[in-house]
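Colleague: A single structure is presented below for examination.
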Amino acid sequence: MKLPSPIQELEHPILAEKEVRLFVKRDDLIHKEMMGNKWRKLKYNLEEAKNQGCSSILTFGGAFSNHIYATAAAGAEFGFNTIGIIRGEELHTNSNPTLRFAASKGMDLRFVDRKTFSNLREDPIRLKRTEINSYILPEGGTNEFAVKGCKELIKEINIDFDLIALPIGTGGTFCGVLDGVQEWQTVIGISCLKGSFIKQELEKLTSDFAIDNSNYQINTDYHFGGYGKTTGELVDFINWFKEVFAISLDPIYTGKCFFAVWNMIINDKFEKNLKIILLHTGGLQGILGFNRKNKNIIQ
């Protein structure tokens, strides 16, 4: 593991013009297969699974899930059997590179219809009765152990920053970051999901995890059509960003977050002289599947 992950300052005429300093916390460089927030979420869950004497880790995900990918890799590296409940009975092991990789790491992939997936995900006690030696990990890996792991990344930042921005999926990384920052530091979450329901979800999560910090903002304007949806404008930005800064972004999470912050900088949504950190949460494994589906449009 490459920890602490490095922090890279971006230099560009627009940043100089707007008088904003912009940094990227490169969690994408933590590990090739368990990159970004996925390793941070898994770290203490793996410890807890070992403490409970579990030989298997059972979790949930969609066809291109970063979490499924990382959990399969972690199981192979740390000696756990892994079971993936996959949403979509029409899928199979060779449906895409993500699922092929998970299978190659020994994950037992179980494909179920969407209703069954939802029922199983919402009833972990039922699964625990049938999978006695399995540690049940929620979809996306979000639980108290995930929040604990994500909180640690703030301690690695040696810059006196004003604001940190990150993409929001299940909310675990956001909660960990929020719990780790100082009261005067703002956390901005860029939702990759369509709709304002995520705001209520985050209120519930911060309450469930006893996070007493209200200095955050949730932006729902940059979902580009919803989860997993993209536009030509977003793809063009991702390619431009890699060409200019030599940093790859995925189209599901980091691409949307980085686009949002860059767009807000251009449109003077931030005060001058701010130090802003963009959290790169990884997810780059998804680019291969995205490109195969969309004719290699991301560089």
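Simple scheme: letters A, B, ... for chains in structure tokens order, numbers from 1 for residues in each chain, numbers from 1 for ligands in the order shown.
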Any idea what's packed within 12 Å of stretch 291-293 of chain A, counting only C-alpha atoms, ignoring anything in its chain fewer than 4 positions away? Could you give it as an mmCIF file with N, CA and C atoms, in the first residue's frame?

Modeller:
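Final output, around_2.cif:
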```cif
data_model
loop_
_atom_site.group_PDB
_atom_site.id
_atom_site.type_symbol
_atom_site.label_atom_id
_atom_site.label_comp_id
_atom_site.auth_asym_id
_atom_site.auth_seq_id
_atom_site.Cartn_x
_atom_site.Cartn_y
_atom_site.Cartn_z
ATOM 1 N N PHE A 64 -20.550 -3.210 -12.672
ATOM 2 C CA PHE A 64 -19.248 -2.544 -12.815
ATOM 3 C C PHE A 64 -18.717 -2.050 -11.474
ATOM 4 N N SER A 95 -19.407 -11.093 -18.424
ATOM 5 C CA SER A 95 -20.174 -9.959 -18.947
ATOM 6 C C SER A 95 -19.318 -8.712 -19.161
ATOM 7 N N ASN A 96 -18.314 -8.513 -18.325
ATOM 8 C CA ASN A 96 -17.468 -7.322 -18.461
ATOM 9 C C ASN A 96 -16.151 -7.535 -17.710
ATOM 10 N N PRO A 97 -15.195 -6.633 -17.891
ATOM 11 C CA PRO A 97 -13.888 -6.804 -17.247
ATOM 12 C C PRO A 97 -13.938 -6.825 -15.718
ATOM 13 N N THR A 98 -14.860 -6.068 -15.108
ATOM 14 C CA THR A 98 -14.962 -6.038 -13.653
ATOM 15 C C THR A 98 -15.317 -7.419 -13.103
ATOM 16 N N VAL A 235 -17.047 13.596 -20.814
ATOM 17 C CA VAL A 235 -15.956 12.816 -21.401
ATOM 18 C C VAL A 235 -14.856 13.735 -21.920
ATOM 19 N N ASP A 250 -12.312 8.693 -13.556
ATOM 20 C CA ASP A 250 -13.347 7.783 -14.041
ATOM 21 C C ASP A 250 -14.627 8.570 -14.314
ATOM 22 N N PRO A 251 -15.508 8.075 -15.185
ATOM 23 C CA PRO A 251 -16.699 8.832 -15.575
ATOM 24 C C PRO A 251 -17.868 8.717 -14.603
ATOM 25 N N LEU A 284 -10.701 3.708 -11.163
ATOM 26 C CA LEU A 284 -10.206 3.725 -12.542
ATOM 27 C C LEU A 284 -10.406 2.389 -13.253
ATOM 28 N N GLN A 285 -10.643 1.322 -12.497
ATOM 29 C CA GLN A 285 -10.885 0.033 -13.142
ATOM 30 C C GLN A 285 -12.110 0.075 -14.046
ATOM 31 N N GLY A 286 -13.045 0.984 -13.754
ATOM 32 C CA GLY A 286 -14.270 1.065 -14.532
ATOM 33 C C GLY A 286 -14.095 1.630 -15.929
ATOM 34 N N ILE A 287 -12.964 2.273 -16.183
ATOM 35 C CA ILE A 287 -12.752 2.890 -17.492
ATOM 36 C C ILE A 287 -12.710 1.845 -18.599
ATOM 37 N N ILE A 297 -13.745 5.970 -25.825
ATOM 38 C CA ILE A 297 -13.827 7.430 -25.905
ATOM 39 C C ILE A 297 -13.060 8.124 -24.780
ATOM 40 N N ILE A 298 -12.671 7.374 -23.734
ATOM 41 C CA ILE A 298 -11.847 7.957 -22.676
ATOM 42 C C ILE A 298 -10.399 7.532 -22.886
ATOM 43 N N GLN A 299 -9.514 8.518 -22.882
ATOM 44 C CA GLN A 299 -8.096 8.244 -23.156
ATOM 45 C C GLN A 299 -7.463 7.426 -22.027
#
```

Colleague: Output as a list in words all residues of stretch 110-183 of chain A that backbone DSSP marks as strand (DSSP E or B).

Modeller: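 Result set for stretch 110-183 of chain A (strand (DSSP E or B)): Arg110, Phe111, Val112, Ser134, Tyr135, Ile136, Leu163, Ile164, Ala165, Leu166, Pro167 and Ile168 of chain A.
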
Colleague: Taking the DSSP secondary structure from the backbone, can you list the residues of stretch 1-70 of chain A that are helix (DSSP H, G or I), as a list in words?

Modeller: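 Going through stretch 1-70 of chain A, the helix (DSSP H, G or I) residues come out as Pro13, Ile14, Leu15, Ala16, Glu17, Lys18, Asp27, Asp28, Leu29, Asn37, Lys38, Trp39, Arg40, Lys41, Leu42, Lys43, Tyr44, Asn45, Leu46, Glu47, Glu48, Ala49, Lys50, Asn51, Asn66, His67, Ile68, Tyr69 and Ala70 of chain A.
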
Colleague: Quick check, in Å to one decimal: how far apart do atom CA of A:Ile211 and atom CA of A:Lys43 lie?

Modeller: 20.2 Å

Colleague: Please report, as JSON lines, each residue of stretch 198-298 of chain A lying at most 9 Å from stretch 149-165 of chain A, together with the nearest pair of atoms and the separation in Å rounded to one decimal; use only C-alpha atoms, and order rows by chain and ascending residue number.

Modeller:
```
{"residue": "A:Cys257", "atom": "CA", "partner": "A:Ala165", "partner_atom": "CA", "distance": 7.4}
{"residue": "A:Phe258", "atom": "CA", "partner": "A:Ala165", "partner_atom": "CA", "distance": 8.4}
{"residue": "A:Val261", "atom": "CA", "partner": "A:Ala165", "partner_atom": "CA", "distance": 7.6}
{"residue": "A:Leu274", "atom": "CA", "partner": "A:Asp162", "partner_atom": "CA", "distance": 6.1}
{"residue": "A:Lys275", "atom": "CA", "partner": "A:Phe161", "partner_atom": "CA", "distance": 4.9}
{"residue": "A:Ile276", "atom": "CA", "partner": "A:Leu163", "partner_atom": "CA", "distance": 4.9}
{"residue": "A:Ile277", "atom": "CA", "partner": "A:Ile164", "partner_atom": "CA", "distance": 4.6}
{"residue": "A:Leu278", "atom": "CA", "partner": "A:Ala165", "partner_atom": "CA", "distance": 5.1}
{"residue": "A:Leu279", "atom": "CA", "partner": "A:Ala165", "partner_atom": "CA", "distance": 6.2}
```

Colleague: Go ahead and save the residues from that selection, with N, CA and C atoms, as a CSV table (one decimal), in the first residue's frame.

Modeller:
```csv
chain,number,residue,atom,x,y,z
A,257,CYS,N,-17.0,14.9,-10.0
A,257,CYS,CA,-16.6,15.7,-8.9
A,257,CYS,C,-15.6,16.8,-9.4
A,258,PHE,N,-14.6,16.3,-10.2
A,258,PHE,CA,-13.6,17.3,-10.6
A,258,PHE,C,-14.1,18.3,-11.6
A,261,VAL,N,-16.1,21.0,-9.5
A,261,VAL,CA,-15.2,22.0,-8.8
A,261,VAL,C,-14.5,22.9,-9.8
A,274,LEU,N,-8.5,30.7,-1.6
A,274,LEU,CA,-8.9,29.5,-1.0
A,274,LEU,C,-7.9,28.4,-1.4
A,275,LYS,N,-7.6,27.5,-0.4
A,275,LYS,CA,-6.9,26.2,-0.7
A,275,LYS,C,-7.9,25.1,-0.8
A,276,ILE,N,-8.1,24.5,-1.9
A,276,ILE,CA,-9.1,23.5,-2.2
A,276,ILE,C,-8.4,22.1,-2.5
A,277,ILE,N,-8.9,21.1,-1.8
A,277,ILE,CA,-8.4,19.7,-2.1
A,277,ILE,C,-9.5,18.9,-2.8
A,278,LEU,N,-9.1,18.3,-3.9
A,278,LEU,CA,-10.0,17.4,-4.5
A,278,LEU,C,-9.5,16.0,-4.1
A,279,LEU,N,-10.5,15.2,-3.6
A,279,LEU,CA,-10.1,13.8,-3.2
A,279,LEU,C,-10.3,12.9,-4.4
```

Colleague: Using only C-alpha atoms, can you tell me which of A:Gly228, A:Glu47, A:Gly171, A:Ala146 comes closest to A:Gln200?

Modeller: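 Checking each of A:Gly228, A:Glu47, A:Gly171, A:Ala146 against A:Gln200, counting only C-alpha atoms, the winner is A:Gly171.
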
Colleague: Which residues come within 12 Å of A:Val112, counting only C-alpha atoms, excluding same-chain residues fewer than 6 positions away, as a list in words?

Modeller: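 Within the cut-off, the hits are Phe60, Gly61, Gly62, Ala63, Gly84, Ile85, Ile86, Arg87, Gly88, Glu89, Glu90, Leu91, His92, Ser118, Asn119, Leu120 and Arg121 of chain A.
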
Colleague: For the residues in the current selection, export N, CA and C atoms as a short mmCIF file (atom, residue, chain, number, x, y, z; two decimals), in the first residue's frame.

Modeller:
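Produced file out23.cif, reproduced below:
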```cif
data_model
loop_
_atom_site.label_atom_id
_atom_site.label_comp_id
_atom_site.auth_asym_id
_atom_site.auth_seq_id
_atom_site.Cartn_x
_atom_site.Cartn_y
_atom_site.Cartn_z
N PHE A 60 -22.20 -6.99 -1.84
CA PHE A 60 -23.17 -6.74 -2.90
C PHE A 60 -22.64 -5.70 -3.89
N GLY A 61 -23.13 -5.76 -5.13
CA GLY A 61 -22.73 -4.74 -6.09
C GLY A 61 -23.36 -4.94 -7.45
N GLY A 62 -23.21 -3.92 -8.27
CA GLY A 62 -23.68 -3.97 -9.64
C GLY A 62 -22.63 -4.52 -10.58
N ALA A 63 -22.92 -4.47 -11.86
CA ALA A 63 -22.08 -5.10 -12.87
C ALA A 63 -20.68 -4.51 -12.95
N GLY A 84 -19.83 -12.49 -3.99
CA GLY A 84 -20.43 -11.27 -4.52
C GLY A 84 -21.85 -11.52 -4.98
N ILE A 85 -22.83 -10.87 -4.34
CA ILE A 85 -24.21 -10.92 -4.80
C ILE A 85 -24.35 -9.81 -5.84
N ILE A 86 -24.57 -10.17 -7.09
CA ILE A 86 -24.52 -9.22 -8.20
C ILE A 86 -25.94 -8.92 -8.71
N ARG A 87 -26.25 -7.65 -8.79
CA ARG A 87 -27.56 -7.20 -9.27
C ARG A 87 -27.68 -7.40 -10.78
N GLY A 88 -28.60 -8.27 -11.20
CA GLY A 88 -28.82 -8.51 -12.63
C GLY A 88 -28.71 -9.97 -12.99
N GLU A 89 -29.83 -10.67 -13.05
CA GLU A 89 -29.80 -12.10 -13.34
C GLU A 89 -29.37 -12.38 -14.78
N GLU A 90 -29.38 -11.35 -15.63
CA GLU A 90 -28.97 -11.54 -17.02
C GLU A 90 -27.45 -11.56 -17.18
N LEU A 91 -26.73 -11.19 -16.12
CA LEU A 91 -25.28 -11.10 -16.18
C LEU A 91 -24.63 -12.47 -15.97
N HIS A 92 -23.34 -12.54 -16.28
CA HIS A 92 -22.57 -13.75 -16.02
C HIS A 92 -21.11 -13.35 -15.83
N SER A 118 -32.36 -6.58 -3.77
CA SER A 118 -32.81 -5.60 -2.78
C SER A 118 -33.20 -6.29 -1.48
N ASN A 119 -33.92 -7.39 -1.58
CA ASN A 119 -34.36 -8.11 -0.38
C ASN A 119 -33.18 -8.65 0.43
N LEU A 120 -32.21 -9.21 -0.26
CA LEU A 120 -31.03 -9.75 0.42
C LEU A 120 -30.19 -8.64 1.04
N ARG A 121 -30.04 -7.57 0.30
CA ARG A 121 -29.23 -6.45 0.80
C ARG A 121 -29.84 -5.84 2.06
#
```

Colleague: Hey, which of A:Thr230, A:Thr281, A:Gly189, A:Phe145 ends up closest to A:His31? Count only C-alpha atoms.

Modeller: A:Thr281

Colleague: Between A:Gly282, A:Asp179, A:Ile14, A:Tyr135, single out the one closest to A:Ile247, counting only C-alpha atoms.

Modeller: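 Among the listed residues, the smallest separation from A:Ile247 belongs to A:Gly282.
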
Colleague: Kindly indicate which residue among A:Ala70, A:Leu42, A:Gln182, A:Asn215 lies nearest to A:Thr142, using only C-alpha atoms for the distances.

Modeller: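 Of all the options, A:Leu42 lies closest to A:Thr142.
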
Colleague: Using only C-alpha atoms for the distances, tell me which of A:Gly283, A:Gly225, A:Gly255, A:Pro124 is nearest to A:Asp27.

Modeller: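 Looking at the shortest contact to A:Asp27, the residue is A:Gly283.
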